[in-house]
>>> print(open('target.cif').read())   # mmCIF, C-alpha atoms
data_my_file
#
loop_
_atom_site.label_atom_id
_atom_site.label_comp_id
_atom_site.auth_asym_id
_atom_site.auth_seq_id
_atom_site.Cartn_x
_atom_site.Cartn_y
_atom_site.Cartn_z
CA MET K 29 -6.72 -20.72 -18.80
CA ASP K 30 -8.83 -19.71 -15.82
CA ASN K 31 -11.84 -17.85 -17.20
CA ARG K 32 -12.39 -16.10 -13.85
CA VAL K 33 -8.94 -14.51 -14.12
CA VAL K 34 -9.50 -13.45 -17.73
CA SER K 35 -12.89 -11.96 -16.83
CA ALA K 36 -11.44 -10.08 -13.86
CA ILE K 37 -8.73 -8.52 -16.02
CA GLU K 38 -11.17 -7.72 -18.82
CA ASP K 39 -13.36 -5.96 -16.24
CA TYR K 40 -10.31 -4.03 -15.03
CA ILE K 41 -9.59 -2.93 -18.61
CA TYR K 42 -13.25 -2.05 -19.19
CA ASP K 43 -13.18 0.23 -16.14
CA LEU K 44 -10.19 2.17 -17.48
CA VAL K 45 -11.22 5.34 -19.25
CA ASP K 46 -10.26 5.86 -22.88
CA PRO K 47 -7.58 8.52 -23.36
CA GLN K 48 -8.91 11.72 -24.89
CA ARG K 49 -7.04 14.00 -27.29
CA ASN K 50 -7.75 17.14 -25.30
CA TRP K 51 -6.32 15.81 -22.03
CA PRO K 52 -3.06 17.10 -20.61
CA LYS K 53 -0.13 15.12 -22.00
CA TYR K 54 0.79 13.63 -18.61
CA TYR K 55 -2.67 12.20 -17.95
CA PHE K 56 -3.06 10.99 -21.55
CA LYS K 57 0.18 9.02 -21.24
CA GLN K 58 -0.78 7.65 -17.82
CA VAL K 59 -4.05 6.23 -19.12
CA SER K 60 -2.48 4.95 -22.34
CA PHE K 61 0.30 3.19 -20.44
CA SER K 62 -2.24 1.67 -18.05
CA ARG K 63 -4.24 0.23 -20.92
CA TRP K 64 -1.10 -1.14 -22.56
CA ALA K 65 0.06 -2.84 -19.36
CA ALA K 66 -3.35 -4.36 -18.64
CA GLU K 67 -3.57 -5.75 -22.19
CA GLU K 68 -0.07 -7.24 -21.85
CA ILE K 69 -1.05 -8.88 -18.58
CA LEU K 70 -4.23 -10.23 -20.15
CA GLU K 71 -2.22 -11.89 -22.91
CA LEU K 72 0.14 -13.43 -20.35
CA VAL K 73 -2.63 -14.93 -18.24
CA LYS K 74 -4.34 -16.42 -21.29
CA GLN K 75 -1.31 -18.72 -21.46
CA THR K 76 -1.69 -19.93 -17.87
CA LEU K 77 -3.80 -22.75 -16.47
CA SER K 78 -4.79 -21.62 -12.99
CA LEU K 79 -5.32 -18.68 -10.68
CA HIS K 80 -2.07 -19.42 -8.84
CA GLU K 81 -0.09 -19.66 -12.07
CA SER K 82 -1.62 -16.36 -13.22
CA ILE K 83 -0.60 -14.71 -9.97
CA ASP K 84 2.97 -15.98 -10.43
CA VAL K 85 3.12 -14.68 -14.02
CA ILE K 86 1.77 -11.27 -13.06
CA SER K 87 4.17 -11.08 -10.11
CA ASP K 88 7.07 -11.75 -12.48
CA PHE K 89 5.75 -9.10 -14.89
CA SER K 90 5.48 -6.56 -12.08
CA ILE K 91 9.00 -7.27 -10.83
CA LYS K 92 10.41 -6.88 -14.34
CA MET K 93 8.56 -3.59 -14.84
CA LYS K 94 9.83 -2.24 -11.52
CA ASN K 95 13.38 -3.24 -12.42
CA PHE K 96 13.07 -1.55 -15.83
CA ALA K 97 11.72 1.58 -14.14
CA LEU K 98 14.69 1.68 -11.78
CA MET K 99 17.24 1.49 -14.61
CA ASP K 100 19.18 4.60 -15.43
CA HIS K 101 17.28 6.39 -18.20
CA ASP K 102 18.55 9.40 -20.12
CA ASP K 103 15.17 11.02 -19.61
CA LYS K 104 13.43 10.26 -16.30
CA ASP K 105 10.10 10.44 -18.13
CA ASP K 106 11.15 7.29 -20.01
CA ALA K 107 10.81 5.28 -16.81
CA ARG K 108 7.18 6.27 -16.32
CA ILE K 109 5.73 3.61 -18.62
CA PHE K 110 7.41 0.96 -16.48
CA TYR K 111 6.22 2.52 -13.21
CA VAL K 112 2.68 2.59 -14.56
CA ALA K 113 2.96 -1.04 -15.70
CA TYR K 114 4.21 -1.99 -12.25
CA GLU K 115 1.27 -0.21 -10.61
CA VAL K 116 -1.24 -1.88 -12.94
CA GLY K 117 0.35 -5.25 -12.19
CA THR K 118 0.05 -4.73 -8.46
CA ASP K 119 -3.57 -3.55 -8.84
CA ILE K 120 -4.46 -6.70 -10.77
CA LEU K 121 -2.56 -8.86 -8.28
CA ASP K 122 -4.69 -7.37 -5.49
CA ILE K 123 -7.83 -8.32 -7.40
CA LEU K 124 -6.64 -11.87 -8.04
CA ASN K 125 -5.43 -12.39 -4.49
CA ALA K 126 -8.93 -11.44 -3.31
CA MET K 127 -10.29 -14.24 -5.53
CA LYS K 128 -8.36 -16.92 -3.62
#
>>> encode(input="target.cif", output="structure tokens")
Amino acid sequence: MDNRVVSAIEDYIYDLVDPQRNWPKYYFKQVSFSRWAAEEILELVKQTLSLHESIDVISDFSIKMKNFALMDHDDKDDARIFYVAYEVGTDILDILNAMK
């Protein structure tokens, strides 16, 4: 595990605001989904050995999330969690690529 990667993702999570009960439903879900995706990515990178391996794992995660988002969903709102996860993945990838 590369501690620099873990720290960078923990900082990303720390900078996310906590969802508030009185927020509009759309924004509440957006922030909640972002936190979920970032935590999932953090768990994935804890299983890697290097920055490059972490980047590969997050790239795979992002591709999967984009593919899930593009699937035919009965309710288009169902795809949003996957779009948000994809966006979080690409944000974190940008951070890690800057660390190279």
>>> resolve_selection(input="target.cif", expression="the PyMOL selection byres ((chain K and resi 103-120) around 8)", output="PyMOL selection string")
chain K and resi 37+40+58+61-62+64-66+69+86-87+89-91+93-94+96-99+101-102+121-124
>>> write_last_selection(input="target.cif", atoms="C-alpha atoms", output="mmCIF file, keeping the file's coordinate frame")
data_model
loop_
_atom_site.group_PDB
_atom_site.id
_atom_site.type_symbol
_atom_site.label_atom_id
_atom_site.label_comp_id
_atom_site.auth_asym_id
_atom_site.auth_seq_id
_atom_site.Cartn_x
_atom_site.Cartn_y
_atom_site.Cartn_z
ATOM 1 C CA ILE K 37 -8.730 -8.520 -16.020
ATOM 2 C CA TYR K 40 -10.310 -4.030 -15.030
ATOM 3 C CA GLN K 58 -0.780 7.650 -17.820
ATOM 4 C CA PHE K 61 0.300 3.190 -20.440
ATOM 5 C CA SER K 62 -2.240 1.670 -18.050
ATOM 6 C CA TRP K 64 -1.100 -1.140 -22.560
ATOM 7 C CA ALA K 65 0.060 -2.840 -19.360
ATOM 8 C CA ALA K 66 -3.350 -4.360 -18.640
ATOM 9 C CA ILE K 69 -1.050 -8.880 -18.580
ATOM 10 C CA ILE K 86 1.770 -11.270 -13.060
ATOM 11 C CA SER K 87 4.170 -11.080 -10.110
ATOM 12 C CA PHE K 89 5.750 -9.100 -14.890
ATOM 13 C CA SER K 90 5.480 -6.560 -12.080
ATOM 14 C CA ILE K 91 9.000 -7.270 -10.830
ATOM 15 C CA MET K 93 8.560 -3.590 -14.840
ATOM 16 C CA LYS K 94 9.830 -2.240 -11.520
ATOM 17 C CA PHE K 96 13.070 -1.550 -15.830
ATOM 18 C CA ALA K 97 11.720 1.580 -14.140
ATOM 19 C CA LEU K 98 14.690 1.680 -11.780
ATOM 20 C CA MET K 99 17.240 1.490 -14.610
ATOM 21 C CA HIS K 101 17.280 6.390 -18.200
ATOM 22 C CA ASP K 102 18.550 9.400 -20.120
ATOM 23 C CA LEU K 121 -2.560 -8.860 -8.280
ATOM 24 C CA ASP K 122 -4.690 -7.370 -5.490
ATOM 25 C CA ILE K 123 -7.830 -8.320 -7.400
ATOM 26 C CA LEU K 124 -6.640 -11.870 -8.040
#
>>> residues_around(input="target.cif", residues="K:Asp39", least_positions_apart="5", cutoff="12 Å", atoms="only C-alpha atoms", output="number ranges by chain")
K: 32-34, 44-45, 63, 66-67, 70, 120, 123
>>> write_last_selection(input="target.cif", atoms="C-alpha atoms", output="short mmCIF file (atom, residue, chain, number, x, y, z; two decimals), keeping the file's coordinate frame")
data_model
loop_
_atom_site.label_atom_id
_atom_site.label_comp_id
_atom_site.auth_asym_id
_atom_site.auth_seq_id
_atom_site.Cartn_x
_atom_site.Cartn_y
_atom_site.Cartn_z
CA ARG K 32 -12.39 -16.10 -13.85
CA VAL K 33 -8.94 -14.51 -14.12
CA VAL K 34 -9.50 -13.45 -17.73
CA LEU K 44 -10.19 2.17 -17.48
CA VAL K 45 -11.22 5.34 -19.25
CA ARG K 63 -4.24 0.23 -20.92
CA ALA K 66 -3.35 -4.36 -18.64
CA GLU K 67 -3.57 -5.75 -22.19
CA LEU K 70 -4.23 -10.23 -20.15
CA ILE K 120 -4.46 -6.70 -10.77
CA ILE K 123 -7.83 -8.32 -7.40
#
>>> atom_distance(input="target.cif", atom1="atom CA of K:Glu71", atom2="atom CA of K:Asp43")
17.7 Å
>>> atom_distance(input="target.cif", atom1="atom CA of K:Val73", atom2="atom CA of K:Tyr54")
28.8 Å
>>> resolve_selection(input="target.cif", expression="the PyMOL selection byres ((chain K and resi 77) around 7)", output="number ranges by chain")
K: 29-30, 75-76, 78, 81
>>> atom_distance(input="target.cif", atom1="atom CA of K:Leu79", atom2="atom CA of K:Lys128")
7.9 Å
>>> closest_residue(input="target.cif", among="K:Ile41, K:Ala126, K:Val85, K:Ala36", to="K:Ser60", atoms="all atoms listed in the file")
K:Ile41
>>> closest_residue(input="target.cif", among="K:Phe56, K:Leu72, K:Ser35, K:Pro47", to="K:Met127", atoms="all atoms listed in the file")
K:Ser35
>>> axis_aligned_box(input="target.cif", around="stretch 39-52 of chain K", padding_each_side="5 Å", output="JSON")
{"center_x": -8.2, "center_y": 5.6, "center_z": -21.2, "size_x": 20.3, "size_y": 33.1, "size_z": 22.3}
>>> decode(input="target.cif", residues="stretch 97-109 of chain K", atoms="N, CA and C atoms", output="mmCIF file, in the first residue's frame")
data_model
loop_
_atom_site.group_PDB
_atom_site.id
_atom_site.type_symbol
_atom_site.label_atom_id
_atom_site.label_comp_id
_atom_site.auth_asym_id
_atom_site.auth_seq_id
_atom_site.Cartn_x
_atom_site.Cartn_y
_atom_site.Cartn_z
ATOM 1 N N ALA K 97 -23.564 3.007 -15.481
ATOM 2 C CA ALA K 97 -24.398 4.189 -15.683
ATOM 3 C C ALA K 97 -25.066 4.173 -17.056
ATOM 4 N N LEU K 98 -24.378 3.625 -18.031
ATOM 5 C CA LEU K 98 -24.907 3.605 -19.400
ATOM 6 C C LEU K 98 -25.902 2.474 -19.659
ATOM 7 N N MET K 99 -26.029 1.552 -18.711
ATOM 8 C CA MET K 99 -26.997 0.464 -18.867
ATOM 9 C C MET K 99 -28.411 1.034 -18.896
ATOM 10 N N ASP K 100 -29.301 0.268 -19.461
ATOM 11 C CA ASP K 100 -30.694 0.686 -19.519
ATOM 12 C C ASP K 100 -31.321 0.480 -18.134
ATOM 13 N N HIS K 101 -31.716 1.570 -17.520
ATOM 14 C CA HIS K 101 -32.349 1.521 -16.201
ATOM 15 C C HIS K 101 -33.820 1.883 -16.346
ATOM 16 N N ASP K 102 -34.660 1.224 -15.545
ATOM 17 C CA ASP K 102 -36.091 1.542 -15.581
ATOM 18 C C ASP K 102 -36.318 3.008 -15.225
ATOM 19 N N ASP K 103 -35.581 3.472 -14.254
ATOM 20 C CA ASP K 103 -35.673 4.862 -13.819
ATOM 21 C C ASP K 103 -34.310 5.507 -14.079
ATOM 22 N N LYS K 104 -34.277 6.540 -14.872
ATOM 23 C CA LYS K 104 -32.996 7.183 -15.229
ATOM 24 C C LYS K 104 -32.263 7.682 -13.991
ATOM 25 N N ASP K 105 -32.986 7.975 -12.927
ATOM 26 C CA ASP K 105 -32.351 8.423 -11.693
ATOM 27 C C ASP K 105 -31.492 7.319 -11.081
ATOM 28 N N ASP K 106 -31.796 6.068 -11.410
ATOM 29 C CA ASP K 106 -31.022 4.940 -10.888
ATOM 30 C C ASP K 106 -29.578 4.967 -11.386
ATOM 31 N N ALA K 107 -29.357 5.536 -12.532
ATOM 32 C CA ALA K 107 -28.006 5.586 -13.102
ATOM 33 C C ALA K 107 -27.136 6.636 -12.424
ATOM 34 N N ARG K 108 -27.739 7.559 -11.710
ATOM 35 C CA ARG K 108 -26.984 8.687 -11.156
ATOM 36 C C ARG K 108 -25.883 8.257 -10.193
ATOM 37 N N ILE K 109 -26.130 7.264 -9.361
ATOM 38 C CA ILE K 109 -25.091 6.828 -8.427
ATOM 39 C C ILE K 109 -23.831 6.397 -9.180
#
